[in-house]
Amino acid sequence: MISRIALTALSVALTAAAAAPALADEAPPVAGTVVPERDTFYSAPADLGSYRNGQLVSSREVGARLAVAVRAWQLAFRTNDSHGNPVLGVTTVLVPVAPWTGPGARPAVSEQIAEDSTGTRCAPSYGIATGNLQSGDQITAMLQKGWAVVVPDFEGPNSAFLAGPQAGHAVLDSVRAVGQFDAAGLGPETPWGLDGFSGGAAASAWAAELQPSYAPELVFVGAAVGGVPANLPVVMRNVDGGMYSGFLMGVTVSYQREFPESGIGDMLNERGRADTVAAADLCVVDLLIRYPFRRLSESTAIDPYRADSPLMAALQRNSLGATAPRMPIYDYHSDADDVVPVGQADDLVSAWRRGGATVVTSRVPTGSHVQEAGRGQAPAQQFLAERFAGGDPVADADLDRPVGR
């Protein structure tokens, strides 16, 4: 039975529709407010493979619903997926309206938002343009310092959650594209930094590892990474069966898209196949709400964590630590992190230092993963501010306890 309230609502809707102008007379949608899957700006040109890595394809000015007055643009550019195949990347450039009054050129930070999602409607570019960005406090703080902030959709067109090479390529090619976009005023003299927490830290760290080989012409003053998921098998085991087990579903969906050759789909049982279909277009909050306290083994026909499983091979392939960054790193983490174990972050620092990287660490004894995301922002930005100011050269340092010694 349809209720009186529903009938009234239907009547109002029909009356409004009758009074509305014809579709042909409607104003076009505001740039950036159409979901990416229906927005032609996100469509790759047929000849994308002929573009150079990071070459600008198109641009448009968009609105940005932020607490700081900025000009904002979306840039589309050529980048590469995890296999080196050309894909279209999109990034958002945010430049404060107020003139830069500090020394030298205005600094810029590539801020990697922890999208952690399986659908392009969750992309940061769409969130910024519509005022629905899931995490923006750190961006506002940087803009208030007068810095420009660039926010790439590093998961790419396939929403590849925790796909390391895809993310690293997108971050670096985003910076290349911004350098070709004169309207933003970020040119050869611009000092660049990287920043990110959790999934965003993984993308920043992958960019830092790949920069010497993939984009050696780019120069960064440093990178700040917090709560970084470096050893993905360890991280996934940690969330399995707990409050954050939705991340497992996100990885299972995303890796089947980004690494179809992995065979992850073949290890799923009937429930697992149904779940991955249902989880194919979810933002991070949706994933966590729908799939808490789930064991991945409930969705697989084999032990997903055995050494020779397709999932383990893919997780290992997307783990960090194989190459040491050349830029100085600030790495912060809570010893009590309930999502991303601190031990695997310590192991990453050790590997990077053995490879010649310079790393400053901060470890606090208490605080959850979410709490550390907030607490660590100010010190991370202070590290970048000191690098932008051209302070003393960075040396290895452990600010709270020995790490990676």
# chains A, B, ... in the order shown; residues from 1 in each chain; ligands from 1

$ select_by_dssp --residues "region 19-193 of chain A" --states "helix (DSSP H, G or I)" --output "NGL selection string"
:A and (19 or 23-25 or 36-38 or 40-42 or 48-50 or 120-122 or 124-130 or 137-144 or 164-179 or 182-184)

$ write_last_selection --atoms "C-alpha atoms" --output "PDB file, in the first residue's frame"
ATOM      1  CA  ALA A  19       6.457  23.398 -14.231  1.00  0.00           C
ATOM      2  CA  LEU A  23      15.458  19.711 -20.909  1.00  0.00           C
ATOM      3  CA  ALA A  24      16.812  21.609 -23.892  1.00  0.00           C
ATOM      4  CA  ASP A  25      16.387  24.873 -21.969  1.00  0.00           C
ATOM      5  CA  PRO A  36      33.048  10.585 -13.499  1.00  0.00           C
ATOM      6  CA  GLU A  37      31.580   7.545 -15.232  1.00  0.00           C
ATOM      7  CA  ARG A  38      29.171   9.864 -17.096  1.00  0.00           C
ATOM      8  CA  THR A  40      33.366  12.906 -20.823  1.00  0.00           C
ATOM      9  CA  PHE A  41      36.252  14.805 -19.222  1.00  0.00           C
ATOM     10  CA  TYR A  42      37.322  11.457 -17.720  1.00  0.00           C
ATOM     11  CA  LEU A  48      46.279   8.387 -25.625  1.00  0.00           C
ATOM     12  CA  GLY A  49      49.162   5.998 -26.219  1.00  0.00           C
ATOM     13  CA  SER A  50      50.852   8.618 -28.419  1.00  0.00           C
ATOM     14  CA  THR A 120      35.141   6.474  -9.511  1.00  0.00           C
ATOM     15  CA  ARG A 121      32.325   8.428  -7.832  1.00  0.00           C
ATOM     16  CA  CYS A 122      34.593   8.313  -4.764  1.00  0.00           C
ATOM     17  CA  PRO A 124      38.928  13.116  -4.929  1.00  0.00           C
ATOM     18  CA  SER A 125      38.369  15.271  -8.025  1.00  0.00           C
ATOM     19  CA  TYR A 126      34.624  14.649  -7.864  1.00  0.00           C
ATOM     20  CA  GLY A 127      34.573  15.124  -4.099  1.00  0.00           C
ATOM     21  CA  ILE A 128      36.340  18.487  -4.289  1.00  0.00           C
ATOM     22  CA  ALA A 129      34.057  19.793  -7.039  1.00  0.00           C
ATOM     23  CA  THR A 130      30.891  18.698  -5.232  1.00  0.00           C
ATOM     24  CA  ASP A 137      41.375  19.217   6.901  1.00  0.00           C
ATOM     25  CA  GLN A 138      44.997  18.773   5.899  1.00  0.00           C
ATOM     26  CA  ILE A 139      44.328  20.412   2.532  1.00  0.00           C
ATOM     27  CA  THR A 140      42.756  23.434   4.196  1.00  0.00           C
ATOM     28  CA  ALA A 141      45.724  23.795   6.558  1.00  0.00           C
ATOM     29  CA  MET A 142      48.166  23.751   3.647  1.00  0.00           C
ATOM     30  CA  LEU A 143      46.163  26.271   1.661  1.00  0.00           C
ATOM     31  CA  GLN A 144      46.054  28.537   4.706  1.00  0.00           C
ATOM     32  CA  GLY A 164      51.188   0.516  -5.946  1.00  0.00           C
ATOM     33  CA  PRO A 165      52.636   1.082  -9.428  1.00  0.00           C
ATOM     34  CA  GLN A 166      49.384   2.610 -10.696  1.00  0.00           C
ATOM     35  CA  ALA A 167      49.334   5.035  -7.773  1.00  0.00           C
ATOM     36  CA  GLY A 168      52.995   5.986  -8.050  1.00  0.00           C
ATOM     37  CA  HIS A 169      52.725   6.631 -11.777  1.00  0.00           C
ATOM     38  CA  ALA A 170      49.606   8.768 -11.347  1.00  0.00           C
ATOM     39  CA  VAL A 171      51.171  10.916  -8.616  1.00  0.00           C
ATOM     40  CA  LEU A 172      54.331  11.604 -10.588  1.00  0.00           C
ATOM     41  CA  ASP A 173      52.550  12.191 -13.893  1.00  0.00           C
ATOM     42  CA  SER A 174      50.152  14.549 -12.117  1.00  0.00           C
ATOM     43  CA  VAL A 175      53.098  16.728 -11.091  1.00  0.00           C
ATOM     44  CA  ARG A 176      54.400  16.610 -14.654  1.00  0.00           C
ATOM     45  CA  ALA A 177      51.009  17.723 -15.982  1.00  0.00           C
ATOM     46  CA  VAL A 178      50.771  20.616 -13.523  1.00  0.00           C
ATOM     47  CA  GLY A 179      54.135  21.864 -14.768  1.00  0.00           C
ATOM     48  CA  ASP A 182      50.576  27.868 -17.011  1.00  0.00           C
ATOM     49  CA  ALA A 183      47.353  29.197 -15.445  1.00  0.00           C
ATOM     50  CA  ALA A 184      48.238  27.676 -12.062  1.00  0.00           C
TER      51      ALA A 184
END

$ residues_around --residues "region 362-364 of chain A" --least-positions-apart "5" --cutoff "10 Å" --atoms "only C-alpha atoms" --output "PyMOL selection string"
chain A and resi 226+330-337+342+346+372+375-376+379-380+397-403

$ residues_around --residues "Pro191 (chain A)" --least-positions-apart "3" --cutoff "9 Å" --atoms "only C-alpha atoms" --output "mmCIF file with C-alpha atoms, in the first residue's frame"
data_model
loop_
_atom_site.group_PDB
_atom_site.id
_atom_site.type_symbol
_atom_site.label_atom_id
_atom_site.label_comp_id
_atom_site.auth_asym_id
_atom_site.auth_seq_id
_atom_site.Cartn_x
_atom_site.Cartn_y
_atom_site.Cartn_z
ATOM 1 C CA GLY A 104 60.986 32.188 -3.402
ATOM 2 C CA ALA A 105 58.254 30.574 -5.432
ATOM 3 C CA ARG A 106 54.961 29.377 -3.944
ATOM 4 C CA PRO A 107 55.434 25.798 -2.637
ATOM 5 C CA ALA A 108 53.190 22.993 -3.829
ATOM 6 C CA VAL A 109 52.232 19.718 -2.184
ATOM 7 C CA LEU A 186 53.477 26.481 -10.766
ATOM 8 C CA PRO A 188 60.178 25.126 -12.838
ATOM 9 C CA VAL A 219 62.631 17.237 -7.734
ATOM 10 C CA PHE A 220 60.893 16.965 -4.357
ATOM 11 C CA VAL A 221 62.044 18.575 -1.118
ATOM 12 C CA PHE A 388 60.447 24.408 1.681
#

$ closest_residue --among "A:Ser82, A:Gln134, A:Asn158, A:Gln180" --to "Leu210 (chain A)" --atoms "only C-alpha atoms"
A:Ser82

$ closest_residue --among "A:Trp73, A:Trp352, A:Phe181, A:Tyr255" --to "Ile329 (chain A)" --atoms "only C-alpha atoms"
A:Trp352

$ closest_atom_pairs --of "region 124-226 of chain A" --to "region 257-281 of chain A" --cutoff "10 Å" --atoms "only C-alpha atoms" --output "Markdown table"
| residue | atom | partner | partner_atom | distance |
| --- | --- | --- | --- | --- |
| A:Gly156 | CA | A:Glu258 | CA | 9.9 |
| A:Asn158 | CA | A:Arg257 | CA | 6.7 |
| A:Ser159 | CA | A:Arg257 | CA | 8.6 |
| A:Ala160 | CA | A:Glu258 | CA | 6.2 |
| A:Phe161 | CA | A:Glu258 | CA | 9.1 |
| A:Ala163 | CA | A:Glu258 | CA | 7.4 |
| A:Gln166 | CA | A:Glu258 | CA | 8.7 |

$ residues_around --residues "region 84-94 of chain A" --least-positions-apart "3" --cutoff "6 Å" --atoms "only C-alpha atoms" --output "PyMOL selection string"
chain A and resi 44+49+71-81+125+148-153

$ select_by_dssp --residues "region 56-290 of chain A" --states "strand (DSSP E)" --output "mmCIF file with C-alpha atoms, in the first residue's frame"
data_model
loop_
_atom_site.group_PDB
_atom_site.id
_atom_site.type_symbol
_atom_site.label_atom_id
_atom_site.label_comp_id
_atom_site.auth_asym_id
_atom_site.auth_seq_id
_atom_site.Cartn_x
_atom_site.Cartn_y
_atom_site.Cartn_z
ATOM 1 C CA LEU A 56 48.432 17.288 -20.557
ATOM 2 C CA VAL A 57 45.322 16.116 -22.430
ATOM 3 C CA SER A 58 42.731 18.669 -21.294
ATOM 4 C CA SER A 59 41.887 21.079 -18.492
ATOM 5 C CA ARG A 60 38.929 22.934 -17.050
ATOM 6 C CA GLU A 61 38.307 25.313 -14.179
ATOM 7 C CA VAL A 62 36.013 23.987 -11.465
ATOM 8 C CA VAL A 70 41.130 29.266 -4.177
ATOM 9 C CA ARG A 71 41.137 28.872 -7.903
ATOM 10 C CA ALA A 72 40.720 25.261 -8.873
ATOM 11 C CA TRP A 73 41.277 23.317 -12.069
ATOM 12 C CA GLN A 74 41.003 19.716 -13.106
ATOM 13 C CA LEU A 75 43.711 18.427 -15.431
ATOM 14 C CA ALA A 76 43.529 15.248 -17.497
ATOM 15 C CA PHE A 77 46.825 13.677 -18.544
ATOM 16 C CA ARG A 78 48.409 10.464 -19.771
ATOM 17 C CA THR A 79 49.733 8.118 -17.124
ATOM 18 C CA ASN A 80 50.254 4.343 -16.901
ATOM 19 C CA PRO A 86 48.427 4.114 -20.961
ATOM 20 C CA VAL A 87 45.431 5.302 -18.961
ATOM 21 C CA LEU A 88 43.922 8.718 -18.427
ATOM 22 C CA GLY A 89 44.781 10.373 -15.128
ATOM 23 C CA VAL A 90 42.923 13.257 -13.519
ATOM 24 C CA THR A 91 44.212 15.651 -10.876
ATOM 25 C CA THR A 92 42.854 18.739 -9.123
ATOM 26 C CA VAL A 93 45.000 21.851 -8.738
ATOM 27 C CA LEU A 94 44.168 24.219 -5.870
ATOM 28 C CA VAL A 95 45.920 27.601 -5.700
ATOM 29 C CA PRO A 96 45.082 30.183 -3.022
ATOM 30 C CA ALA A 108 53.190 22.993 -3.829
ATOM 31 C CA VAL A 109 52.232 19.718 -2.184
ATOM 32 C CA SER A 110 50.875 16.663 -3.930
ATOM 33 C CA GLU A 111 48.346 15.473 -1.365
ATOM 34 C CA GLN A 112 47.291 11.853 -1.721
ATOM 35 C CA ALA A 148 49.299 25.212 -3.630
ATOM 36 C CA VAL A 149 47.832 21.737 -3.236
ATOM 37 C CA VAL A 150 47.474 19.176 -6.010
ATOM 38 C CA VAL A 151 45.188 16.190 -5.388
ATOM 39 C CA PRO A 152 45.502 13.350 -7.923
ATOM 40 C CA TRP A 192 57.317 20.254 -4.417
ATOM 41 C CA GLY A 193 56.496 17.956 -1.516
ATOM 42 C CA LEU A 194 54.478 14.765 -1.111
ATOM 43 C CA ASP A 195 52.027 14.032 1.682
ATOM 44 C CA GLY A 196 49.580 11.298 2.586
ATOM 45 C CA PHE A 197 48.206 9.118 5.358
ATOM 46 C CA PHE A 220 60.893 16.965 -4.357
ATOM 47 C CA VAL A 221 62.044 18.575 -1.118
ATOM 48 C CA GLY A 222 60.603 15.670 0.861
ATOM 49 C CA ALA A 223 57.669 13.394 1.598
ATOM 50 C CA ALA A 224 55.572 12.998 4.753
ATOM 51 C CA VAL A 225 53.869 9.620 5.145
ATOM 52 C CA GLY A 226 51.786 8.453 8.101
#

$ closest_residue --among "A:Phe247, A:Glu217, A:Trp206, A:Gly200" --to "Cys283 (chain A)" --atoms "only C-alpha atoms"
A:Phe247

$ atom_distance --atom1 "CA of Arg290 (chain A)" --atom2 "CA of Thr118 (chain A)"
13.4 Å

$ closest_residue --among "A:Ala322, A:Val339, A:Val228, A:Ala207" --to "Met243 (chain A)" --atoms "only C-alpha atoms"
A:Val339

$ atom_distance --atom1 "CA of Ala389 (chain A)" --atom2 "CA of Pro103 (chain A)"
8.0 Å
